[in-house]
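Engineer: Okay, so here is work.cif, and as you'll see once you scroll down, it has mmCIF, C-alpha atoms (C1' of nucleotides).
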data_structure
#
loop_
_atom_site.label_atom_id
_atom_site.label_comp_id
_atom_site.auth_asym_id
_atom_site.auth_seq_id
_atom_site.Cartn_x
_atom_site.Cartn_y
_atom_site.Cartn_z
CA MET C 1 182.92 76.87 -63.80
CA ALA C 2 183.52 76.07 -60.16
CA LEU C 3 185.11 78.76 -58.04
CA PHE C 4 186.57 77.83 -54.67
CA LEU C 5 187.24 80.65 -52.22
CA SER C 6 188.32 81.04 -48.60
CA THR C 7 189.63 78.59 -46.02
CA PHE C 8 187.68 76.19 -43.82
CA VAL C 9 188.99 73.88 -41.13
CA ASN C 10 186.95 70.76 -40.36
CA LYS C 11 187.50 67.78 -38.11
CA VAL C 12 188.40 64.32 -39.28
CA ASP C 13 186.39 61.79 -37.28
CA ARG C 14 187.62 58.41 -36.11
CA LYS C 15 186.25 56.75 -39.23
CA GLY C 16 188.41 59.02 -41.36
CA ARG C 17 185.53 61.11 -42.62
CA VAL C 18 185.62 64.87 -43.06
CA SER C 19 182.94 67.31 -44.13
CA VAL C 20 183.66 69.17 -47.34
CA PRO C 21 182.69 72.81 -46.66
CA ALA C 22 179.17 73.56 -47.85
CA PRO C 23 180.29 76.46 -50.10
CA PHE C 24 182.65 74.08 -51.91
CA ARG C 25 179.95 71.46 -52.31
CA ALA C 26 177.67 74.10 -53.76
CA GLN C 27 180.21 74.65 -56.54
CA LEU C 28 180.02 71.00 -57.52
CA VAL C 29 176.30 70.34 -57.80
CA GLY C 30 175.25 69.12 -61.21
CA GLN C 31 178.57 67.51 -62.09
CA THR C 32 178.56 63.94 -63.35
CA PHE C 33 180.08 62.62 -60.14
CA ASN C 34 178.74 63.66 -56.74
CA GLY C 35 181.98 64.14 -54.89
CA ILE C 36 185.51 65.36 -55.35
CA VAL C 37 188.64 64.10 -57.08
CA ALA C 38 191.77 64.24 -54.94
CA PHE C 39 195.46 63.50 -55.58
CA ARG C 40 198.81 64.21 -54.01
CA SER C 41 200.38 67.54 -54.79
CA TYR C 42 203.82 66.82 -56.20
CA ARG C 43 205.30 70.04 -54.83
CA GLN C 44 203.77 70.30 -51.40
CA PRO C 45 202.61 68.12 -48.50
CA ALA C 46 199.04 68.78 -49.56
CA ILE C 47 196.14 67.17 -51.34
CA GLU C 48 194.98 68.72 -54.60
CA ALA C 49 191.27 68.49 -55.31
CA CYS C 50 188.70 69.47 -57.88
CA GLY C 51 185.46 68.27 -59.44
CA ILE C 52 185.20 65.37 -61.88
CA ASP C 53 184.48 67.69 -64.78
CA ARG C 54 187.96 69.10 -64.60
CA MET C 55 189.44 65.60 -64.76
CA THR C 56 187.35 64.75 -67.81
CA ASN C 57 188.67 67.87 -69.42
CA LEU C 58 192.23 66.88 -68.48
CA SER C 59 191.70 63.44 -69.96
CA GLU C 60 190.58 64.89 -73.27
CA SER C 61 193.59 67.18 -73.32
CA LEU C 62 195.83 64.23 -72.63
CA ASP C 63 194.31 62.30 -75.51
CA GLU C 64 195.56 65.01 -77.82
CA LEU C 65 199.17 64.30 -76.90
CA ASP C 66 200.76 61.44 -78.81
CA GLN C 67 199.45 58.17 -77.57
CA PHE C 68 202.13 56.09 -75.86
CA SER C 69 204.62 58.97 -75.75
CA GLU C 70 206.76 59.42 -72.65
CA ALA C 71 205.26 62.75 -71.64
CA GLN C 72 201.80 61.33 -72.01
CA ASP C 73 202.78 58.39 -69.88
CA ASP C 74 204.32 60.45 -67.10
CA LEU C 75 201.31 62.66 -66.74
CA ALA C 76 198.95 59.73 -66.76
CA SER C 77 200.97 57.96 -64.07
CA THR C 78 201.31 61.06 -61.98
CA ILE C 79 197.83 62.46 -62.15
CA PHE C 80 195.24 59.90 -63.16
CA ALA C 81 196.78 56.96 -61.38
CA ASP C 82 197.02 58.99 -58.22
CA ALA C 83 193.57 60.53 -58.41
CA HIS C 84 190.97 59.28 -55.97
CA GLN C 85 187.27 59.74 -56.49
CA LEU C 86 185.81 60.58 -53.11
CA GLN C 87 182.05 60.41 -53.09
CA PHE C 88 179.98 62.54 -50.75
CA ASP C 89 177.95 60.67 -48.18
CA SER C 90 174.46 61.94 -47.47
CA GLU C 91 175.93 64.60 -45.15
CA GLY C 92 178.49 65.88 -47.63
CA ARG C 93 181.49 64.13 -46.12
CA VAL C 94 184.25 62.17 -47.83
CA MET C 95 186.70 59.54 -46.65
CA LEU C 96 190.33 60.46 -47.11
CA PRO C 97 192.37 57.48 -48.35
CA GLN C 98 195.35 56.33 -46.33
CA LEU C 99 197.84 57.35 -49.01
CA LEU C 100 196.62 60.93 -49.15
CA VAL C 101 196.37 61.26 -45.39
CA GLU C 102 199.99 60.20 -45.07
CA HIS C 103 201.18 62.52 -47.79
CA ALA C 104 199.58 65.58 -46.21
CA ASN C 105 200.14 64.54 -42.58
CA VAL C 106 196.46 65.07 -41.86
CA THR C 107 195.39 63.62 -38.53
CA ASP C 108 192.43 65.04 -36.63
CA ALA C 109 191.67 68.17 -38.67
CA ALA C 110 191.86 69.25 -42.30
CA ALA C 111 192.06 72.74 -43.82
CA PHE C 112 190.23 73.29 -47.10
CA ILE C 113 191.97 75.98 -49.11
CA GLY C 114 190.15 77.62 -52.00
CA ARG C 115 192.36 78.21 -55.04
CA GLY C 116 189.92 79.34 -57.68
CA ALA C 117 189.23 76.47 -60.08
CA THR C 118 190.62 73.93 -57.61
CA PHE C 119 191.25 73.64 -53.91
CA GLN C 120 193.73 71.99 -51.60
CA ILE C 121 193.53 70.09 -48.33
CA TRP C 122 196.28 70.66 -45.74
CA GLU C 123 197.11 69.83 -42.20
CA PRO C 124 196.01 73.16 -40.66
CA GLU C 125 199.24 74.12 -38.93
CA ALA C 126 201.35 73.16 -41.95
CA PHE C 127 199.24 75.41 -44.13
CA ARG C 128 199.51 78.32 -41.73
CA ALA C 129 203.30 78.11 -41.94
CA HIS C 130 203.21 77.74 -45.71
CA GLN C 131 200.92 80.72 -46.11
CA GLU C 132 203.21 82.84 -43.99
CA THR C 133 206.23 82.24 -46.19
CA ALA C 134 204.16 82.68 -49.36
CA ARG C 135 202.93 86.05 -48.14
CA ASN C 136 206.42 87.22 -47.35
CA ARG C 137 207.72 86.11 -50.73
CA THR C 138 204.88 87.88 -52.50
CA ARG C 139 205.49 91.08 -50.61
CA ASP C 140 209.24 90.99 -51.19
CA GLN C 141 209.05 90.19 -54.87
CA GLY C 142 205.98 92.25 -55.56
CA ALA C 143 204.29 89.60 -57.65
CA THR C 144 201.46 90.87 -59.84
CA LEU C 145 198.82 89.31 -62.00
CA ARG C 146 197.49 90.71 -65.25
CA LEU C 147 193.76 90.28 -65.72
CA LYS C 148 192.64 88.34 -68.76
CA PRO C 149 190.55 90.59 -71.00
CA ARG C 150 186.98 89.47 -70.80
CA GLU C 151 185.61 88.32 -74.13
CA ARG C 152 182.16 89.42 -75.01
CA MET F 1 183.28 58.31 -72.45
CA ALA F 2 184.86 56.04 -69.88
CA LEU F 3 187.13 57.71 -67.33
CA PHE F 4 189.43 55.51 -65.30
CA LEU F 5 190.91 57.08 -62.20
CA SER F 6 192.97 55.98 -59.24
CA THR F 7 194.85 52.81 -58.38
CA PHE F 8 193.46 49.59 -56.97
CA VAL F 9 195.44 46.54 -55.92
CA ASN F 10 193.60 43.23 -56.01
CA LYS F 11 194.71 39.69 -55.38
CA VAL F 12 195.15 37.07 -58.04
CA ASP F 13 193.75 33.80 -56.70
CA ARG F 14 195.20 30.38 -57.33
CA LYS F 15 192.94 29.96 -60.31
CA GLY F 16 194.42 33.03 -61.94
CA ARG F 17 191.35 35.16 -61.45
CA VAL F 18 191.42 38.80 -60.39
CA SER F 19 188.60 41.22 -59.62
CA VAL F 20 188.43 44.26 -61.86
CA PRO F 21 187.75 47.18 -59.49
CA ALA F 22 184.07 48.02 -59.25
CA PRO F 23 184.61 51.66 -60.25
CA PHE F 24 186.28 50.51 -63.47
CA ARG F 25 183.51 48.04 -64.21
CA ALA F 26 181.01 50.84 -63.71
CA GLN F 27 182.69 52.73 -66.54
CA LEU F 28 182.13 49.82 -68.90
CA VAL F 29 178.48 49.00 -68.42
CA GLY F 30 176.48 49.27 -71.60
CA GLN F 31 179.39 48.57 -73.91
CA THR F 32 178.98 45.91 -76.57
CA PHE F 33 181.28 43.48 -74.77
CA ASN F 34 180.93 42.75 -71.06
CA GLY F 35 184.58 42.69 -70.11
CA ILE F 36 187.87 44.32 -70.92
CA VAL F 37 190.36 44.27 -73.79
CA ALA F 38 193.96 43.73 -72.77
CA PHE F 39 197.30 43.69 -74.61
CA ARG F 40 200.98 44.01 -73.78
CA SER F 41 202.38 47.49 -73.39
CA TYR F 42 205.33 47.80 -75.74
CA ARG F 43 207.18 50.29 -73.56
CA GLN F 44 206.64 48.89 -70.12
CA PRO F 45 206.25 45.62 -68.24
CA ALA F 46 202.54 46.28 -68.02
CA ILE F 47 199.24 45.30 -69.51
CA GLU F 48 197.28 47.95 -71.37
CA ALA F 49 193.53 47.68 -71.05
CA CYS F 50 190.35 49.43 -72.02
CA GLY F 51 186.78 48.78 -73.03
CA ILE F 52 185.85 47.34 -76.40
CA ASP F 53 184.50 50.70 -77.54
CA ARG F 54 187.92 52.29 -77.44
CA MET F 55 189.35 49.50 -79.57
CA THR F 56 186.74 50.24 -82.16
CA ASN F 57 187.76 53.85 -81.97
CA LEU F 58 191.46 52.99 -82.27
CA SER F 59 190.67 50.88 -85.28
CA GLU F 60 189.10 53.84 -87.00
CA SER F 61 192.11 56.00 -86.18
CA LEU F 62 194.36 53.34 -87.62
CA ASP F 63 192.33 53.37 -90.79
CA GLU F 64 193.39 56.93 -91.30
CA LEU F 65 197.04 55.95 -91.56
CA ASP F 66 198.19 54.82 -94.99
CA GLN F 67 197.04 51.33 -95.70
CA PHE F 68 199.97 48.96 -96.18
CA SER F 69 202.39 51.45 -94.62
CA GLU F 70 204.94 50.09 -92.25
CA ALA F 71 203.59 52.12 -89.33
CA GLN F 72 200.07 50.94 -89.95
CA ASP F 73 201.21 47.36 -90.14
CA ASP F 74 203.30 47.61 -86.99
CA LEU F 75 200.53 49.08 -84.93
CA ALA F 76 198.03 46.55 -86.16
CA SER F 77 200.36 43.70 -85.31
CA THR F 78 201.35 45.13 -81.97
CA ILE F 79 197.96 46.03 -80.71
CA PHE F 80 195.17 44.24 -82.42
CA ALA F 81 196.87 40.92 -82.92
CA ASP F 82 197.94 40.95 -79.30
CA ALA F 83 194.61 42.04 -77.85
CA HIS F 84 192.70 39.64 -75.64
CA GLN F 85 189.04 39.97 -74.81
CA LEU F 86 188.63 39.10 -71.16
CA GLN F 87 185.04 38.55 -70.14
CA PHE F 88 183.79 39.26 -66.64
CA ASP F 89 182.56 36.30 -64.62
CA SER F 90 179.46 36.78 -62.49
CA GLU F 91 181.55 38.47 -59.76
CA GLY F 92 183.31 40.87 -62.08
CA ARG F 93 186.59 38.98 -62.29
CA VAL F 94 188.69 38.16 -65.34
CA MET F 95 191.34 35.55 -66.05
CA LEU F 96 194.66 36.98 -67.16
CA PRO F 97 196.18 35.01 -70.06
CA GLN F 98 199.59 33.43 -69.50
CA LEU F 99 201.28 35.66 -72.09
CA LEU F 100 200.17 38.84 -70.39
CA VAL F 101 200.95 37.59 -66.91
CA GLU F 102 204.51 36.81 -67.96
CA HIS F 103 204.96 40.14 -69.68
CA ALA F 104 203.92 42.10 -66.59
CA ASN F 105 205.44 39.74 -64.02
CA VAL F 106 202.15 39.56 -62.21
CA THR F 107 202.05 36.82 -59.61
CA ASP F 108 199.81 37.05 -56.56
CA ALA F 109 198.56 40.64 -56.84
CA ALA F 110 197.71 43.06 -59.63
CA ALA F 111 197.56 46.85 -59.56
CA PHE F 112 194.89 48.48 -61.72
CA ILE F 113 196.08 51.90 -62.79
CA GLY F 114 193.60 54.47 -64.07
CA ARG F 115 194.91 56.54 -66.98
CA GLY F 116 191.90 58.51 -68.08
CA ALA F 117 190.47 56.87 -71.17
CA THR F 118 192.37 53.62 -70.52
CA PHE F 119 193.97 51.74 -67.67
CA GLN F 120 196.95 49.48 -67.07
CA ILE F 121 197.64 46.41 -64.99
CA TRP F 122 201.02 46.16 -63.24
CA GLU F 123 202.83 44.10 -60.70
CA PRO F 124 202.23 46.42 -57.71
CA GLU F 125 205.81 47.01 -56.63
CA ALA F 126 206.98 47.58 -60.20
CA PHE F 127 204.38 50.25 -60.65
CA ARG F 128 205.26 51.95 -57.40
CA ALA F 129 208.82 52.34 -58.64
CA HIS F 130 207.68 53.52 -62.06
CA GLN F 131 205.32 56.09 -60.60
CA GLU F 132 208.06 57.40 -58.36
CA THR F 133 210.34 58.19 -61.30
CA ALA F 134 207.48 59.59 -63.36
CA ARG F 135 206.53 61.92 -60.52
CA ASN F 136 210.06 63.17 -60.18
CA ARG F 137 210.43 63.69 -63.91
CA THR F 138 207.16 65.57 -64.06
CA ARG F 139 208.13 67.81 -61.19
CA ASP F 140 211.65 68.49 -62.45
CA GLN F 141 210.68 69.20 -66.01
CA GLY F 142 207.68 71.14 -64.89
CA ALA F 143 205.68 69.13 -67.36
CA THR F 144 202.36 70.75 -67.78
CA LEU F 145 199.28 70.06 -69.68
CA ARG F 146 197.35 72.88 -71.14
CA LEU F 147 193.68 72.45 -70.54
CA LYS F 148 191.60 72.21 -73.63
CA PRO F 149 189.44 75.32 -73.85
CA ARG F 150 185.99 74.26 -72.90
CA GLU F 151 183.59 74.50 -75.79
CA ARG F 152 180.31 76.11 -75.09
"C1'" DT D 1 188.85 11.78 -70.21
"C1'" DG D 2 191.53 15.28 -68.43
"C1'" DA D 3 192.40 20.05 -68.07
"C1'" DA D 4 190.66 24.41 -68.44
"C1'" DA D 5 187.01 27.60 -68.09
"C1'" DC D 6 182.58 28.91 -66.28
"C1'" DC D 7 178.80 29.10 -62.80
"C1'" DC D 8 177.14 29.32 -58.26
"C1'" DC D 9 177.54 29.86 -53.27
"C1'" DA D 10 179.74 31.31 -48.70
"C1'" DT D 11 182.44 34.49 -45.93
"C1'" DT D 12 184.04 38.82 -44.22
"C1'" DG D 13 185.34 43.25 -43.89
"C1'" DA D 14 184.99 47.85 -45.62
"C1'" DC D 15 182.11 51.33 -46.94
"C1'" DG D 16 177.67 53.68 -47.81
"C1'" DC D 17 173.33 54.93 -45.76
"C1'" DC D 18 170.57 56.39 -42.11
"C1'" DC D 19 169.43 58.63 -37.79
"C1'" DA D 20 170.56 61.62 -33.81
"C1'" DT D 21 172.60 65.68 -31.72
"C1'" DA D 22 174.55 70.16 -31.32
"C1'" DA D 23 176.07 74.43 -32.88
"C1'" DA D 24 175.90 78.15 -35.94
"C1'" DT D 25 173.58 80.79 -39.10
"C1'" DA D 26 169.71 82.74 -41.45
"C1'" DC D 27 165.08 84.28 -41.15
"C1'" DC D 28 161.00 86.45 -39.25
"C1'" DC D 29 158.15 89.31 -36.66
"C1'" DA D 30 156.94 92.36 -33.14
"C1'" DT Z 1 166.44 96.51 -33.50
"C1'" DG Z 2 166.06 92.84 -30.59
"C1'" DG Z 3 164.58 88.46 -29.54
"C1'" DG Z 4 163.01 84.25 -30.79
"C1'" DT Z 5 162.46 80.51 -34.12
"C1'" DA Z 6 163.57 77.71 -38.10
"C1'" DT Z 7 167.05 75.86 -41.19
"C1'" DT Z 8 171.45 74.47 -42.41
"C1'" DT Z 9 175.86 72.56 -41.25
"C1'" DA Z 10 179.12 69.90 -38.83
"C1'" DT Z 11 179.83 65.85 -36.18
"C1'" DG Z 12 179.15 61.10 -34.04
"C1'" DG Z 13 177.66 56.46 -34.16
"C1'" DG Z 14 174.93 52.08 -35.57
"C1'" DC Z 15 173.75 49.01 -39.08
"C1'" DG Z 16 172.97 46.95 -43.62
"C1'" DT Z 17 174.84 46.16 -48.19
"C1'" DC Z 18 178.08 45.28 -51.58
"C1'" DA Z 19 182.70 44.30 -53.20
"C1'" DA Z 20 186.54 41.29 -52.87
"C1'" DT Z 21 187.96 36.76 -52.12
"C1'" DG Z 22 187.97 31.68 -51.74
"C1'" DG Z 23 186.20 27.27 -52.89
"C1'" DG Z 24 183.37 23.54 -54.98
"C1'" DG Z 25 180.91 21.57 -58.65
"C1'" DT Z 26 179.77 21.23 -63.60
"C1'" DT Z 27 180.26 21.89 -68.41
"C1'" DT Z 28 183.11 22.10 -72.59
"C1'" DC Z 29 186.56 21.34 -75.81
"C1'" DA Z 30 190.69 19.15 -77.33
#
How does the structure come out when it is put into structure tokens?

Structural biologist:
Amino acid sequence: MALFLSTFVNKVDRKGRVSVPAPFRAQLVGQTFNGIVAFRSYRQPAIEACGIDRMTNLSESLDELDQFSEAQDDLASTIFADAHQLQFDSEGRVMLPQLLVEHANVTDAAAFIGRGATFQIWEPEAFRAHQETARNRTRDQGATLRLKPRER
Amino acid sequence: MALFLSTFVNKVDRKGRVSVPAPFRAQLVGQTFNGIVAFRSYRQPAIEACGIDRMTNLSESLDELDQFSEAQDDLASTIFADAHQLQFDSEGRVMLPQLLVEHANVTDAAAFIGRGATFQIWEPEAFRAHQETARNRTRDQGATLRLKPRER
DNA sequence: TGAAACCCCATTGACGCCCATAAATACCCA
DNA sequence: TGGGTATTTATGGGCGTCAATGGGGTTTCA
């Protein structure tokens, strides 16, 4: 499974293109679509992104909910309708659609934030501020994470 | 399996034709019918659509309901009787039947909404409003979707 | 024979593809 | 270990192709 780590800040050129960091691209080779899938975060001014395989998996999970139910509909409208397939050009760049750019307030630079199985794209300064408050909250509340036992 | 993602808004010309987005068409190549299947959504002012293969699949699922049951009969009437096969012209456009156009209030533009295994066609502004409420509901209820464990 | 549907062609604008450059990193060898 | 070289990555820009759109002509069925 893909694993996205670390933070990279790249420029957005005047054509709206931005290089996806090479380490992230390396996590996506061999998937059925050569690029990323991106959609608006519904909690933050950020773009959520992952590989196509994760979306396929999501689609299959969604199919197991009742067809035509309200929950099924909301998720479909929120996630799939809003997802953009951004194909890599030969240099590993993607074009960020207008809608996503506006949502995340990205202008001339974009921060790629590894989050494990997915990653996010932020306006760099906005992310710095967000990270600061998240760190403080974590320290104050002492959040912990229990490791999943590894099956053999 | 076909995977429809993202939203595309295309114009309906004065002949009633509308281009099906190229990425959606790409998901349908190789199916037994070169076009889409469309029917009225019974919850929303929208047109439900998919490839012919999914209809075949739905038909088989329907077969597993009790024959002659009310539910089976209702679904058959609602979906199959109402389904239209819309063939692509040489440019990848389809003609939307009068009945569907009226149901979805589509006039001079149509929004194609990816929903994973299927897609919908909406009047663009109506969908924007619908998506807005769906997003809010999803966020407020913290609706989540548990990923299907990936089989190995 | 008229309306509707299909086929073919033209336009244009966006996007994908290619090449060029520069900087940073990795690699190699003395 | 240091310097030098090769490779990869990020970035910029030009150009060709394809998708979306509009229109005209022709066939088909009622």

Engineer: Could I get the residues of chain C with an atom no further than 8 Å from an atom of chain F, each paired with its nearest atom pair and that distance in Å to one decimal, using only C-alpha atoms, sorted by chain and residue number, as a Markdown table?

Structural biologist:
| residue | atom | partner | partner_atom | distance |
| --- | --- | --- | --- | --- |
| C:Tyr42 | CA | F:Arg139 | CA | 6.7 |
| C:Arg43 | CA | F:Arg139 | CA | 7.3 |
| C:Thr56 | CA | F:Leu3 | CA | 7.1 |
| C:Asn57 | CA | F:Lys148 | CA | 6.7 |
| C:Leu58 | CA | F:Leu147 | CA | 6.1 |
| C:Ser59 | CA | F:Gly116 | CA | 5.3 |
| C:Glu60 | CA | F:Lys148 | CA | 7.4 |
| C:Ser61 | CA | F:Lys148 | CA | 5.4 |
| C:Leu62 | CA | F:Leu145 | CA | 7.4 |
| C:Asp63 | CA | F:Ala117 | CA | 7.9 |
| C:Ala71 | CA | F:Ala143 | CA | 7.7 |
| C:Asp74 | CA | F:Ala134 | CA | 5.0 |
| C:Leu75 | CA | F:Thr138 | CA | 7.1 |
| C:Ala76 | CA | F:Arg115 | CA | 5.2 |
| C:Ser77 | CA | F:Gln131 | CA | 5.9 |
| C:Thr78 | CA | F:Arg135 | CA | 5.5 |
| C:Phe80 | CA | F:Arg115 | CA | 5.1 |
| C:Ala81 | CA | F:Ser6 | CA | 4.5 |
| C:Asp82 | CA | F:Ser6 | CA | 5.1 |
| C:Ala83 | CA | F:Ser6 | CA | 4.7 |
| C:His84 | CA | F:Ser6 | CA | 5.1 |
| C:Gln85 | CA | F:Leu5 | CA | 7.3 |

Engineer: Tell me the residues of chain Z close to chain C, meaning within 8 Å using all atoms listed in the file, as a PyMOL selection string.

Structural biologist: chain Z and resi 9-12

Engineer: Next, the residues of the selection above should be written as a CSV table (one decimal), in the coordinates of the input with C-alpha atoms (C1' of nucleotides).

Structural biologist:
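And here's result-v6.csv as it stands now:
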chain,number,residue,atom,x,y,z
Z,9,DT,C1',175.9,72.6,-41.2
Z,10,DA,C1',179.1,69.9,-38.8
Z,11,DT,C1',179.8,65.8,-36.2
Z,12,DG,C1',179.2,61.1,-34.0

Engineer: Sort by chain and increasing residue number a table of all residues of chain D within 9 Å of chain F, each with its closest pair of atoms and their distance in Å to one decimal, counting all atoms listed in the file, and write it as a tab-separated table.

Structural biologist:
residue	atom	partner	partner_atom	distance
D:DC6	C1'	F:Asp89	CA	7.6
D:DC7	C1'	F:Ser90	CA	7.7
D:DC8	C1'	F:Ser90	CA	8.9

Engineer: Least-squares superpose chain F on chain C across all ordered C-alpha pairs, then write out what you get as a compact mmCIF listing (two decimals) with C-alpha atoms, in the coordinates of the input.

Structural biologist:
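The resulting file, result-v5.txt, is shown below:
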# COMPACT_ATOMS: atom_id res chain seq x y z
CA MET F 1 182.72 76.69 -63.92
CA ALA F 2 183.38 75.87 -60.30
CA LEU F 3 185.15 78.55 -58.26
CA PHE F 4 186.64 77.55 -54.94
CA LEU F 5 187.51 80.38 -52.60
CA SER F 6 188.67 80.78 -49.04
CA THR F 7 189.93 78.38 -46.40
CA PHE F 8 187.90 76.15 -44.12
CA VAL F 9 189.23 73.94 -41.35
CA ASN F 10 187.11 70.93 -40.44
CA LYS F 11 187.65 68.09 -38.03
CA VAL F 12 188.42 64.55 -39.03
CA ASP F 13 186.39 62.23 -36.80
CA ARG F 14 187.57 58.92 -35.44
CA LYS F 15 186.05 57.16 -38.39
CA GLY F 16 188.20 59.16 -40.77
CA ARG F 17 185.35 61.24 -42.10
CA VAL F 18 185.57 64.96 -42.79
CA SER F 19 182.93 67.43 -43.94
CA VAL F 20 183.63 69.11 -47.26
CA PRO F 21 182.73 72.78 -46.70
CA ALA F 22 179.21 73.59 -47.83
CA PRO F 23 180.37 76.38 -50.17
CA PHE F 24 182.62 73.90 -51.98
CA ARG F 25 179.85 71.34 -52.24
CA ALA F 26 177.63 74.02 -53.71
CA GLN F 27 180.13 74.43 -56.53
CA LEU F 28 179.83 70.76 -57.41
CA VAL F 29 176.11 70.20 -57.59
CA GLY F 30 174.96 68.96 -60.96
CA GLN F 31 178.24 67.32 -61.86
CA THR F 32 178.19 63.73 -63.07
CA PHE F 33 179.72 62.42 -59.84
CA ASN F 34 178.42 63.47 -56.43
CA GLY F 35 181.71 63.89 -54.64
CA ILE F 36 185.25 65.01 -55.19
CA VAL F 37 188.33 63.68 -56.98
CA ALA F 38 191.50 63.71 -54.92
CA PHE F 39 195.16 62.88 -55.61
CA ARG F 40 198.55 63.58 -54.08
CA SER F 41 200.19 66.87 -54.92
CA TYR F 42 203.63 66.11 -56.30
CA ARG F 43 205.17 69.34 -55.06
CA GLN F 44 203.68 69.67 -51.63
CA PRO F 45 202.49 67.61 -48.67
CA ALA F 46 198.93 68.26 -49.74
CA ILE F 47 196.00 66.66 -51.45
CA GLU F 48 194.84 68.14 -54.73
CA ALA F 49 191.11 68.01 -55.32
CA CYS F 50 188.47 69.08 -57.76
CA GLY F 51 185.19 68.00 -59.27
CA ILE F 52 184.94 65.16 -61.76
CA ASP F 53 184.27 67.61 -64.58
CA ARG F 54 187.72 69.11 -64.31
CA MET F 55 189.31 65.68 -64.52
CA THR F 56 187.48 65.12 -67.75
CA ASN F 57 188.82 68.43 -68.93
CA LEU F 58 192.37 67.57 -67.83
CA SER F 59 192.09 64.31 -69.68
CA GLU F 60 191.31 66.13 -72.88
CA SER F 61 194.25 68.46 -72.35
CA LEU F 62 196.48 65.47 -71.81
CA ASP F 63 195.28 64.02 -75.07
CA GLU F 64 196.81 66.96 -76.81
CA LEU F 65 200.29 66.02 -75.65
CA ASP F 66 202.09 63.46 -77.78
CA GLN F 67 200.77 60.01 -77.14
CA PHE F 68 203.45 57.72 -75.73
CA SER F 69 205.69 60.68 -74.87
CA GLU F 70 207.43 60.59 -71.57
CA ALA F 71 205.66 63.71 -70.32
CA GLN F 72 202.28 62.34 -71.25
CA ASP F 73 203.03 59.08 -69.52
CA ASP F 74 204.33 60.77 -66.39
CA LEU F 75 201.32 62.98 -66.00
CA ALA F 76 198.93 60.14 -66.58
CA SER F 77 200.66 58.02 -63.98
CA THR F 78 200.98 60.84 -61.49
CA ILE F 79 197.51 62.17 -61.70
CA PHE F 80 195.03 59.76 -63.10
CA ALA F 81 196.42 56.60 -61.61
CA ASP F 82 196.60 58.30 -58.24
CA ALA F 83 193.16 59.89 -58.35
CA HIS F 84 190.52 58.75 -55.89
CA GLN F 85 186.83 59.38 -56.29
CA LEU F 86 185.47 60.27 -52.88
CA GLN F 87 181.70 60.20 -52.70
CA PHE F 88 179.74 62.42 -50.35
CA ASP F 89 177.75 60.70 -47.62
CA SER F 90 174.30 62.06 -46.82
CA GLU F 91 175.86 64.84 -44.69
CA GLY F 92 178.37 65.93 -47.28
CA ARG F 93 181.38 64.20 -45.76
CA VAL F 94 184.04 62.10 -47.46
CA MET F 95 186.48 59.48 -46.22
CA LEU F 96 190.11 60.29 -46.93
CA PRO F 97 192.05 57.23 -48.14
CA GLN F 98 195.03 56.12 -46.07
CA LEU F 99 197.52 56.94 -48.84
CA LEU F 100 196.40 60.53 -49.09
CA VAL F 101 196.18 61.02 -45.34
CA GLU F 102 199.78 59.89 -44.97
CA HIS F 103 200.99 62.07 -47.80
CA ALA F 104 199.47 65.21 -46.30
CA ASN F 105 200.06 64.31 -42.65
CA VAL F 106 196.44 64.94 -41.88
CA THR F 107 195.42 63.69 -38.46
CA ASP F 108 192.56 65.26 -36.54
CA ALA F 109 191.81 68.31 -38.70
CA ALA F 110 191.92 69.17 -42.39
CA ALA F 111 192.18 72.57 -44.05
CA PHE F 112 190.29 73.00 -47.32
CA ILE F 113 192.07 75.57 -49.45
CA GLY F 114 190.26 77.24 -52.34
CA ARG F 115 192.45 77.76 -55.41
CA GLY F 116 190.02 78.97 -58.01
CA ALA F 117 189.19 76.09 -60.31
CA THR F 118 190.52 73.52 -57.81
CA PHE F 119 191.18 73.17 -54.11
CA GLN F 120 193.66 71.47 -51.81
CA ILE F 121 193.50 69.70 -48.49
CA TRP F 122 196.32 70.32 -45.99
CA GLU F 123 197.23 69.67 -42.43
CA PRO F 124 196.20 73.09 -41.05
CA GLU F 125 199.46 74.16 -39.45
CA ALA F 126 201.50 73.04 -42.46
CA PHE F 127 199.39 75.18 -44.71
CA ARG F 128 199.65 78.19 -42.45
CA ALA F 129 203.42 78.01 -42.76
CA HIS F 130 203.27 77.48 -46.51
CA GLN F 131 200.92 80.41 -47.02
CA GLU F 132 203.18 82.63 -44.96
CA THR F 133 206.16 82.01 -47.24
CA ALA F 134 204.05 82.28 -50.37
CA ARG F 135 202.71 85.64 -49.22
CA ASN F 136 206.17 86.95 -48.56
CA ARG F 137 207.47 85.71 -51.89
CA THR F 138 204.56 87.27 -53.71
CA ARG F 139 205.06 90.59 -52.00
CA ASP F 140 208.83 90.66 -52.46
CA GLN F 141 208.82 89.65 -56.08
CA GLY F 142 205.87 91.85 -56.76
CA ALA F 143 204.31 88.91 -58.51
CA THR F 144 201.38 90.12 -60.46
CA LEU F 145 198.78 88.60 -62.59
CA ARG F 146 197.58 90.42 -65.60
CA LEU F 147 193.85 90.26 -65.85
CA LYS F 148 192.55 88.61 -68.94
CA PRO F 149 190.86 91.25 -71.07
CA ARG F 150 187.18 90.70 -70.69
CA GLU F 151 185.58 89.56 -73.90
CA ARG F 152 182.43 91.28 -74.87

Engineer: Need the axis-aligned box for segment 35-45 of chain C with 8 Å each side, so what are the centre and edges in Å to one decimal, as AutoDock Vina command-line options?

Structural biologist:
--center_x 193.6 --center_y 66.9 --center_z -52.8 --size_x 39.3 --size_y 22.8 --size_z 24.6

Engineer: Check what the PyMOL selection byres ((chain C and resi 126) around 10) selects in the file above and give those residues as a list in words.

Structural biologist: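 Applied to this file, the PyMOL selection byres ((chain C and resi 126) around 10) returns Pro45, Ala46, Ala104, Asn105, Val106, Ala111, Trp122, Glu123, Pro124, Glu125, Phe127, Arg128, Ala129, His130 and Gln131 of chain C.
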